[in-house]
>>> print(open('start_23.txt').read())   # compact mmCIF, C-alpha atoms and all ligand atoms
# COMPACT_ATOMS: atom_id res chain seq x y z
CA MET A 1 -15.46 15.89 37.41
CA SER A 2 -17.87 14.59 34.74
CA SER A 3 -21.45 13.63 35.55
CA LYS A 4 -20.57 9.92 35.30
CA GLN A 5 -17.95 10.12 38.00
CA THR A 6 -18.46 9.96 41.73
CA GLU A 7 -16.36 10.39 44.85
CA THR A 8 -15.73 6.62 44.87
CA ASP A 9 -14.50 6.54 41.29
CA HIS A 10 -10.78 5.81 41.68
CA SER A 11 -9.52 6.11 38.13
CA PRO A 12 -7.09 8.98 37.59
CA LEU A 13 -7.72 8.63 33.84
CA GLU A 14 -11.33 9.52 34.34
CA THR A 15 -11.03 11.90 37.26
CA GLY A 16 -7.67 13.45 36.55
CA ALA A 17 -6.70 12.54 40.13
CA LYS A 18 -2.99 12.34 40.85
CA SER A 19 -3.18 9.43 43.23
CA TYR A 20 -5.57 6.89 44.70
CA ASP A 21 -7.08 6.60 48.13
CA PHE A 22 -5.97 3.00 48.65
CA HIS A 23 -7.85 2.66 51.93
CA ALA A 24 -11.15 3.89 50.52
CA GLY A 25 -10.76 1.77 47.41
CA LEU A 26 -9.59 -1.48 48.95
CA SER A 27 -10.78 -1.71 52.56
CA GLY A 28 -13.09 -4.70 53.02
CA LYS A 29 -12.07 -6.39 49.76
CA HIS A 30 -11.17 -10.06 49.69
CA CYS A 31 -7.79 -10.33 47.95
CA LEU A 32 -6.03 -13.43 46.72
CA VAL A 33 -2.24 -13.11 46.81
CA THR A 34 -0.37 -15.94 45.12
CA GLY A 35 3.23 -16.39 46.23
CA ALA A 36 2.24 -14.84 49.56
CA ALA A 37 5.26 -16.31 51.37
CA GLY A 38 7.72 -14.84 48.86
CA PHE A 39 9.55 -11.52 48.98
CA ILE A 40 7.00 -9.42 47.09
CA GLY A 41 3.89 -11.41 48.02
CA SER A 42 4.55 -11.11 51.75
CA HIS A 43 5.12 -7.32 51.58
CA LEU A 44 1.98 -6.89 49.47
CA SER A 45 -0.12 -9.07 51.80
CA ARG A 46 0.96 -7.06 54.84
CA ARG A 47 0.01 -3.79 53.14
CA LEU A 48 -3.39 -5.15 52.07
CA LEU A 49 -4.09 -6.26 55.64
CA GLU A 50 -3.10 -2.79 56.90
CA LEU A 51 -5.63 -1.34 54.46
CA GLY A 52 -8.39 -3.49 55.94
CA CYS A 53 -8.53 -6.20 53.29
CA GLN A 54 -9.16 -9.86 53.91
CA VAL A 55 -6.25 -11.74 52.36
CA THR A 56 -6.06 -15.34 51.21
CA GLY A 57 -2.46 -16.22 50.46
CA ILE A 58 -1.41 -19.17 48.36
CA ASP A 59 2.11 -20.54 48.28
CA CYS A 60 3.52 -23.92 47.34
CA PHE A 61 6.87 -23.37 49.11
CA THR A 62 9.09 -24.56 46.28
CA ASP A 63 12.67 -25.38 47.30
CA TYR A 64 14.33 -22.81 44.99
CA TYR A 65 15.60 -21.30 48.24
CA ASP A 66 15.34 -22.29 51.90
CA ARG A 67 11.74 -22.95 52.91
CA GLN A 68 12.50 -21.40 56.30
CA VAL A 69 13.03 -18.00 54.62
CA LYS A 70 9.48 -18.13 53.28
CA LYS A 71 8.15 -19.34 56.63
CA ASN A 72 9.79 -16.32 58.25
CA ASN A 73 8.20 -14.03 55.67
CA VAL A 74 4.74 -15.34 56.31
CA ALA A 75 4.90 -15.88 60.10
CA PRO A 76 3.97 -12.28 61.06
CA LEU A 77 1.05 -12.35 58.61
CA LEU A 78 -0.40 -15.44 60.25
CA GLU A 79 -0.70 -13.42 63.46
CA ILE A 80 -2.99 -10.91 61.75
CA GLU A 81 -6.72 -11.41 61.70
CA GLY A 82 -7.98 -11.51 58.15
CA PHE A 83 -5.07 -13.52 56.74
CA LYS A 84 -5.38 -17.13 55.66
CA LEU A 85 -2.64 -19.20 54.03
CA LEU A 86 -3.24 -22.11 51.69
CA GLU A 87 -0.27 -24.29 50.86
CA MET A 88 -1.07 -25.27 47.32
CA ASP A 89 0.48 -25.61 43.88
CA LEU A 90 -1.47 -23.36 41.50
CA ALA A 91 -0.93 -25.84 38.70
CA ASP A 92 -3.33 -28.13 40.64
CA LEU A 93 -5.88 -25.37 41.28
CA ALA A 94 -9.46 -26.60 41.02
CA ARG A 95 -12.56 -24.52 40.45
CA ASN A 96 -13.64 -24.66 44.11
CA SER A 97 -10.16 -24.39 45.70
CA VAL A 98 -10.69 -20.76 46.72
CA ASN A 99 -13.83 -18.85 47.69
CA LYS A 100 -14.97 -15.84 45.72
CA VAL A 101 -12.39 -13.07 45.74
CA ASP A 102 -12.57 -9.45 44.65
CA ILE A 103 -8.98 -8.92 43.50
CA VAL A 104 -6.24 -11.33 42.46
CA PHE A 105 -2.58 -10.37 42.86
CA HIS A 106 -0.67 -13.10 41.04
CA GLN A 107 2.88 -12.85 42.40
CA ALA A 108 3.77 -16.55 42.49
CA ALA A 109 6.54 -17.59 40.12
CA GLN A 110 9.58 -19.72 39.71
CA ALA A 111 12.03 -16.83 39.98
CA GLY A 112 15.64 -16.51 38.90
CA VAL A 113 16.92 -15.36 35.53
CA ARG A 114 20.28 -17.15 35.60
CA ALA A 115 18.99 -20.46 37.01
CA SER A 116 16.39 -21.08 34.32
CA TRP A 117 18.56 -23.07 31.91
CA GLY A 118 18.87 -26.84 31.57
CA LYS A 119 16.71 -29.33 33.38
CA GLU A 120 15.39 -26.67 35.77
CA PHE A 121 13.28 -25.34 32.90
CA SER A 122 10.37 -27.68 33.70
CA HIS A 123 9.93 -25.81 37.02
CA TYR A 124 9.66 -22.55 35.07
CA THR A 125 7.02 -23.87 32.67
CA ARG A 126 5.02 -25.39 35.55
CA HIS A 127 5.14 -22.50 38.01
CA ASN A 128 5.09 -19.61 35.54
CA VAL A 129 3.07 -20.76 32.52
CA LEU A 130 0.85 -23.67 33.60
CA ALA A 131 0.09 -22.14 37.02
CA THR A 132 -0.93 -18.84 35.41
CA GLN A 133 -3.17 -20.61 32.90
CA ARG A 134 -4.87 -22.55 35.72
CA LEU A 135 -5.39 -19.36 37.71
CA LEU A 136 -6.83 -17.57 34.68
CA GLU A 137 -9.24 -20.49 34.09
CA TRP A 138 -10.32 -20.16 37.71
CA ALA A 139 -10.69 -16.37 37.29
CA LYS A 140 -12.79 -16.89 34.13
CA ASN A 141 -15.40 -18.57 36.32
CA SER A 142 -14.89 -16.65 39.56
CA LYS A 143 -14.96 -13.24 37.88
CA PRO A 144 -12.78 -11.07 40.17
CA GLU A 145 -12.93 -7.30 39.68
CA ARG A 146 -9.23 -7.24 38.76
CA PHE A 147 -6.41 -9.70 38.12
CA VAL A 148 -2.94 -8.16 38.56
CA TYR A 149 -0.12 -10.23 37.09
CA ALA A 150 3.49 -9.76 38.21
CA SER A 151 5.41 -9.69 34.94
CA SER A 152 9.06 -8.83 34.57
CA SER A 153 11.56 -6.60 32.81
CA SER A 154 13.08 -9.92 31.70
CA VAL A 155 10.51 -10.07 28.90
CA TYR A 156 12.42 -7.33 27.04
CA GLY A 157 15.85 -8.90 26.71
CA HIS A 158 18.04 -6.85 24.45
CA THR A 159 15.71 -4.30 22.89
CA GLY A 160 18.54 -2.31 21.34
CA LYS A 161 17.14 0.95 22.68
CA LEU A 162 16.66 2.49 26.08
CA PRO A 163 14.49 3.25 27.94
CA MET A 164 12.33 0.19 27.41
CA HIS A 165 8.78 0.92 26.32
CA GLU A 166 5.79 -1.41 26.64
CA ASP A 167 5.31 -1.39 22.85
CA ASP A 168 8.90 -2.53 22.12
CA LEU A 169 9.15 -6.01 20.63
CA PRO A 170 9.99 -8.31 23.54
CA ARG A 171 12.93 -10.63 22.91
CA PRO A 172 13.75 -12.38 26.21
CA LEU A 173 17.34 -13.48 26.75
CA SER A 174 16.59 -16.15 29.35
CA PRO A 175 14.22 -19.13 29.55
CA TYR A 176 12.79 -17.40 32.64
CA GLY A 177 11.94 -14.33 30.55
CA VAL A 178 10.28 -16.56 27.93
CA THR A 179 7.97 -18.07 30.56
CA LYS A 180 7.11 -14.67 32.10
CA LEU A 181 6.25 -13.36 28.63
CA ALA A 182 4.18 -16.47 27.82
CA ALA A 183 2.15 -15.91 30.98
CA GLU A 184 1.69 -12.23 30.08
CA HIS A 185 0.30 -13.33 26.69
CA LEU A 186 -2.04 -15.73 28.48
CA CYS A 187 -3.34 -12.81 30.58
CA ASN A 188 -4.02 -10.85 27.40
CA LEU A 189 -5.77 -13.84 25.78
CA TYR A 190 -8.05 -14.40 28.77
CA HIS A 191 -8.81 -10.70 28.86
CA GLN A 192 -9.70 -10.58 25.15
CA ASN A 193 -11.67 -13.83 25.00
CA PHE A 194 -13.24 -14.16 28.44
CA ALA A 195 -13.12 -10.62 29.86
CA VAL A 196 -10.77 -11.60 32.70
CA PRO A 197 -9.75 -8.09 33.90
CA ALA A 198 -6.02 -8.83 33.76
CA VAL A 199 -3.31 -6.19 33.94
CA SER A 200 0.41 -6.97 33.72
CA LEU A 201 3.06 -5.07 35.67
CA ARG A 202 6.59 -5.48 34.38
CA TYR A 203 8.73 -5.18 37.51
CA PHE A 204 12.30 -3.95 37.18
CA THR A 205 14.74 -5.66 39.62
CA VAL A 206 12.96 -5.31 42.96
CA TYR A 207 14.90 -4.84 46.19
CA GLY A 208 14.31 -4.07 49.85
CA PRO A 209 14.05 -5.85 53.21
CA ALA A 210 13.51 -9.63 52.81
CA GLN A 211 14.74 -9.61 49.22
CA ARG A 212 15.21 -13.11 47.77
CA PRO A 213 18.55 -14.63 48.81
CA ASP A 214 19.72 -15.29 45.23
CA MET A 215 19.46 -11.62 44.22
CA ALA A 216 22.35 -9.19 43.97
CA PHE A 217 21.67 -6.73 46.82
CA HIS A 218 20.88 -9.51 49.29
CA ARG A 219 24.11 -11.30 48.43
CA PHE A 220 26.19 -8.10 48.49
CA ILE A 221 24.89 -6.87 51.85
CA LYS A 222 25.18 -10.31 53.45
CA ALA A 223 28.76 -10.61 52.19
CA ILE A 224 29.66 -7.18 53.59
CA ILE A 225 28.15 -7.92 57.00
CA LYS A 226 29.89 -11.30 57.20
CA ASP A 227 33.19 -9.98 55.80
CA GLU A 228 32.93 -12.31 52.82
CA GLN A 229 33.87 -11.70 49.20
CA ILE A 230 31.32 -10.12 46.82
CA VAL A 231 31.05 -11.82 43.43
CA ILE A 232 30.21 -9.67 40.41
CA TYR A 233 29.11 -11.30 37.17
CA GLY A 234 30.75 -9.62 34.18
CA SER A 235 32.40 -6.21 34.30
CA GLY A 236 29.89 -4.74 36.74
CA GLU A 237 29.04 -2.12 34.12
CA GLN A 238 25.64 -3.73 33.43
CA THR A 239 22.85 -1.41 34.58
CA ARG A 240 19.49 -2.06 36.23
CA ASP A 241 16.51 0.17 36.97
CA PHE A 242 16.33 -1.00 40.59
CA THR A 243 12.87 -0.65 42.18
CA TYR A 244 12.13 -0.45 45.89
CA ILE A 245 9.57 -2.90 47.25
CA ASP A 246 7.17 -0.22 48.55
CA ASP A 247 6.90 1.22 45.04
CA ILE A 248 6.08 -2.23 43.67
CA VAL A 249 3.37 -2.66 46.31
CA ALA A 250 1.93 0.78 45.50
CA ALA A 251 1.87 -0.07 41.78
CA ASN A 252 -0.12 -3.24 42.54
CA LEU A 253 -2.67 -1.29 44.57
CA ALA A 254 -3.01 1.33 41.84
CA ALA A 255 -3.37 -1.35 39.17
CA ALA A 256 -6.13 -2.95 41.24
CA LEU A 257 -8.10 0.30 41.38
CA ALA A 258 -7.50 1.99 38.00
CA LYS A 259 -10.74 1.66 36.08
CA SER A 260 -9.22 1.42 32.60
CA ALA A 261 -6.23 -0.82 33.34
CA SER A 262 -7.69 -4.18 32.25
CA GLY A 263 -5.83 -5.59 29.27
CA ARG A 264 -2.95 -3.16 29.73
CA VAL A 265 0.77 -3.72 30.37
CA TYR A 266 2.82 -1.30 32.49
CA ASN A 267 6.52 -0.88 33.24
CA ILE A 268 7.11 -0.48 36.96
CA GLY A 269 10.64 0.85 37.44
CA GLY A 270 12.35 2.64 40.29
CA GLY A 271 13.79 5.56 38.32
CA SER A 272 17.18 4.62 39.80
CA ARG A 273 19.10 3.17 36.88
CA ILE A 274 22.69 2.52 37.89
CA SER A 275 25.50 0.06 37.16
CA VAL A 276 26.29 -2.77 39.55
CA ASN A 277 29.68 -1.11 40.17
CA GLY A 278 27.80 2.08 41.02
CA VAL A 279 25.80 0.15 43.63
CA LEU A 280 29.06 -1.04 45.20
CA GLY A 281 30.09 2.62 45.54
CA ILE A 282 26.92 3.39 47.52
CA LEU A 283 27.34 0.28 49.67
CA GLU A 284 30.93 1.24 50.45
CA LYS A 285 29.70 4.50 51.98
CA LEU A 286 26.95 2.73 53.93
CA ALA A 287 29.25 -0.01 55.22
CA GLU A 288 32.04 2.41 56.22
CA LYS A 289 34.54 -0.40 55.70
CA PRO A 290 36.33 -1.83 52.67
CA PHE A 291 35.16 -5.10 51.16
CA ARG A 292 36.58 -7.61 48.71
CA VAL A 293 35.16 -7.95 45.20
CA LYS A 294 35.81 -10.74 42.70
CA TYR A 295 34.78 -10.49 39.04
CA GLU A 296 33.46 -13.65 37.34
CA PRO A 297 32.23 -14.27 33.77
CA VAL A 298 28.91 -12.83 32.57
CA GLN A 299 26.05 -15.22 33.31
CA ALA A 300 23.96 -16.56 30.41
CA GLY A 301 20.60 -14.83 30.25
CA ASP A 302 21.70 -11.64 32.00
CA PRO A 303 20.58 -8.56 30.05
CA PRO A 304 23.27 -5.87 29.70
CA HIS A 305 20.89 -3.07 30.67
CA THR A 306 17.36 -2.42 31.86
CA PHE A 307 15.71 0.98 32.04
CA ALA A 308 11.97 1.51 32.38
CA ASP A 309 9.96 4.12 30.52
CA THR A 310 7.25 4.58 33.16
CA SER A 311 5.31 7.32 31.39
CA ARG A 312 2.38 5.00 30.59
CA ALA A 313 2.10 3.87 34.22
CA LYS A 314 2.23 7.49 35.33
CA ALA A 315 -0.47 8.59 32.90
CA GLU A 316 -2.84 5.65 33.32
CA ILE A 317 -2.45 4.31 36.86
CA ALA A 318 -0.83 7.34 38.54
CA PHE A 319 2.31 5.37 39.35
CA SER A 320 5.55 7.20 40.05
CA PRO A 321 8.41 5.68 42.04
CA ALA A 322 8.78 7.44 45.38
CA VAL A 323 11.88 5.81 46.90
CA SER A 324 15.36 6.72 45.66
CA LEU A 325 18.10 4.10 45.47
CA GLN A 326 20.09 5.77 48.27
CA GLU A 327 17.05 5.78 50.54
CA GLY A 328 15.97 2.25 49.66
CA LEU A 329 19.44 0.73 49.98
CA LEU A 330 19.85 2.34 53.39
CA LYS A 331 16.54 0.82 54.56
CA MET A 332 17.55 -2.56 53.20
CA TYR A 333 21.03 -2.37 54.71
CA GLU A 334 19.63 -1.42 58.14
CA SER A 335 17.11 -4.27 58.01
CA PHE A 336 19.89 -6.78 57.33
CA LYS A 337 22.01 -5.45 60.19
CA MET A 338 19.10 -6.18 62.55
CA LEU A 339 18.94 -9.88 61.57
C1 LIG B 401 15.72 -9.71 38.95
C2 LIG B 401 14.90 -10.88 39.51
O1 LIG B 401 15.74 -11.88 40.05
C3 LIG B 401 13.99 -11.48 38.50
O2 LIG B 401 13.16 -12.44 39.14
C4 LIG B 401 13.20 -10.38 37.87
O3 LIG B 401 12.27 -10.86 37.00
C5 LIG B 401 14.16 -9.40 37.21
O4 LIG B 401 14.92 -8.81 38.26
C6 LIG B 401 13.47 -8.33 36.43
O5 LIG B 401 13.72 -7.17 36.59
O6 LIG B 401 12.68 -8.68 35.59
P1 LIG B 401 18.13 -9.45 38.03
O7 LIG B 401 18.03 -8.14 37.33
O8 LIG B 401 19.09 -10.44 37.46
O9 LIG B 401 16.73 -10.19 38.10
O10 LIG B 401 18.42 -9.10 39.56
P2 LIG B 401 19.66 -9.34 40.51
O11 LIG B 401 19.78 -10.76 40.89
O12 LIG B 401 19.52 -8.38 41.62
O13 LIG B 401 20.95 -9.00 39.62
C7 LIG B 401 21.26 -7.70 39.20
C8 LIG B 401 22.61 -7.74 38.51
O14 LIG B 401 23.62 -8.08 39.46
C9 LIG B 401 22.71 -8.77 37.39
O15 LIG B 401 23.44 -8.25 36.32
C10 LIG B 401 23.47 -9.92 38.03
O16 LIG B 401 24.22 -10.70 37.14
C11 LIG B 401 24.36 -9.18 39.00
N1 LIG B 401 24.75 -10.04 40.15
C12 LIG B 401 23.84 -10.74 40.84
C13 LIG B 401 26.08 -10.07 40.51
O17 LIG B 401 26.94 -9.45 39.86
N2 LIG B 401 26.46 -10.83 41.58
C14 LIG B 401 25.56 -11.54 42.31
O18 LIG B 401 25.97 -12.21 43.30
C15 LIG B 401 24.23 -11.50 41.93
>>> encode(input="start_23.txt", output="C-alpha cells")
Amino acid sequence: MSSKQTETDHSPLETGAKSYDFHAGLSGKHCLVTGAAGFIGSHLSRRLLELGCQVTGIDCFTDYYDRQVKKNNVAPLLEIEGFKLLEMDLADLARNSVNKVDIVFHQAAQAGVRASWGKEFSHYTRHNVLATQRLLEWAKNSKPERFVYASSSSVYGHTGKLPMHEDDLPRPLSPYGVTKLAAEHLCNLYHQNFAVPAVSLRYFTVYGPAQRPDMAFHRFIKAIIKDEQIVIYGSGEQTRDFTYIDDIVAANLAAALAKSASGRVYNIGGGSRISVNGVLGILEKLAEKPFRVKYEPVQAGDPPHTFADTSRAKAEIAFSPAVSLQEGLLKMYESFKML
C-alpha cells in the first residue's frame, strides 16, 4: 500500500484490492436511485438499504407496463426505514427537488429496444435524454461524490466484431439505443465541463426475479408456467450476454466506490453469452415438460449479437460476473413459480 492510501481507500486501482467492502464504503451514505420502482432500481435500492444507506427513490410510474408491477416492486422497500419514494418526472426536476445526496444511481429510463420506433419516440427522448440532462444539471449544483448512469449494450448496435469493447465506435440499431448513447455523451460532457463525477455502465440484457414483463426470459417463463406458446423473434440464433441482476447491482456499488471511475465507461456483462434457442434448451430442463414455440420475423432494432468484453471493468472497478446463466435462470424460474 502506498503512503497516500489508507484502510478506507476503496479503489482497487490504487490499492490493488480484488474487491470492495461495500458495507464499509457505503453505510450511512444518502443515495438517490432514479427508477426505484423498476426492475433494476428496486433491486439496487433494497441492497443499498441492506448496506445501511439512506435511499431516496424517484419514479414517475410511466405506463410502459402495468403500474401495479412497479407498485409491487417498491412496496417492500416502503416498509424499510431509511427509504423514501418521490413520484416525480425527472424532466421536471428543479434545483431544490431533492436534498443533498452522496451518490446518484440513475437507473430511470424509457426501456424497450423494439418499442422505440414511431410516435413512441418522444417518450424515449423525454425519459432518457431530457431527464438525464436535467439530473446532470441538478448534480452540477448538488455535487454528489459519484453519479452512476445505467447505460446499455444497445449503444453498440452492429459493431462487426465481438466481443464488444468500450472503445468500439457505437452505432445503435434502435432509437432506444440512440437515446441511451445520447445520455451517455451528456454524462461525459458534464464530467468534462463541470466535474460531475459521472460513470456509465453499459448493461448487457439483465435478467432475474422481477424482470420487466416485456423482456424475453419473463415472457418465456410465464408462458411455460401458464402452458402458453413462446414467441421467438427471428431464428432464435441471435445471442445475448445475459447478466444476472445481482451482478448488475454489484457493478453499481463498485462504480460508486472506485476512486478513478469518474468519466469512464464500462461494459457490465454476465459472461454467459448464449443464443435464444440455447436458453430454451436450459428452460426445457428446468420446466421438465415440453412447451410450444412459434417463430416470428426479426424485430426492427434487435441486434444479432451482444458480447461484453469486461476486462476494463475487471481491471478498474474489480467487477467480475459471479452468477452463471444456469444458476441465475434457476433462481428466476423458482421466483416465478412462487407468484
Ligand atoms: C434488453 C433490455 O430490454 C434493454 O432495455 C437493454 O437496454 C438491453 O437489454 C441491453 O442489453 O442493452 P434485449 O436484449 O432485447 O434488451 O432483451 P430481451 O427482451 O430479453 O430480448 C432478448 C432476445 O430475445 C432478443 O433478441 C429478442 O428479440 C428476443 N425475444 C424477446 C424473443 O425472441 N421473444 C420474446 O418474447 C422477447
>>> closest_residue(input="start_23.txt", among="A:Met338, A:Leu90, A:Ala108, A:Ala24", to="Ala36 (chain A)", atoms="only C-alpha atoms")
A:Ala108
>>> atom_distance(input="start_23.txt", atom1="CA of Gly236 (chain A)", atom2="CA of Ser275 (chain A)")
6.5 Å
>>> axis_aligned_box(input="start_23.txt", around="ligand LIG 401 (chain B)", padding_each_side="6 Å", output="JSON")
{"center_x": 19.6, "center_y": -9.8, "center_z": 39.4, "size_x": 26.7, "size_y": 17.3, "size_z": 19.7}
>>> residues_near_ligand(input="start_23.txt", ligand="ligand LIG 401 (chain B)", cutoff="6 Å", atoms="all atoms listed in the file", output="PyMOL selection string")
chain A and resi 111-113+152-154+203-205+215-217+219+231-233+238+276+302
>>> closest_residue(input="start_23.txt", among="A:Thr34, A:Thr179, A:Asn72, A:Gln110", to="Leu86 (chain A)", atoms="all atoms listed in the file")
A:Thr34
>>> residues_around(input="start_23.txt", residues="Phe336 (chain A)", least_positions_apart="5", cutoff="12 Å", atoms="only C-alpha atoms", output="list in words")
Gly208, Pro209, Ala210, Gln211, Pro213, Phe217, His218, Arg219, Phe220, Ile221, Lys222, Ala223, Ile224, Ile225, Lys226, Ala287, Leu329, Leu330 and Lys331 of chain A
>>> closest_residue(input="start_23.txt", among="A:Arg47, A:Arg126, A:Arg264, A:Arg95", to="Tyr176 (chain A)", atoms="all atoms listed in the file")
A:Arg126
>>> residues_around(input="start_23.txt", residues="Phe307 (chain A)", least_positions_apart="6", cutoff="7 Å", atoms="only C-alpha atoms", output="VMD selection string")
chain A and resid 162 to 164 240 to 241 273
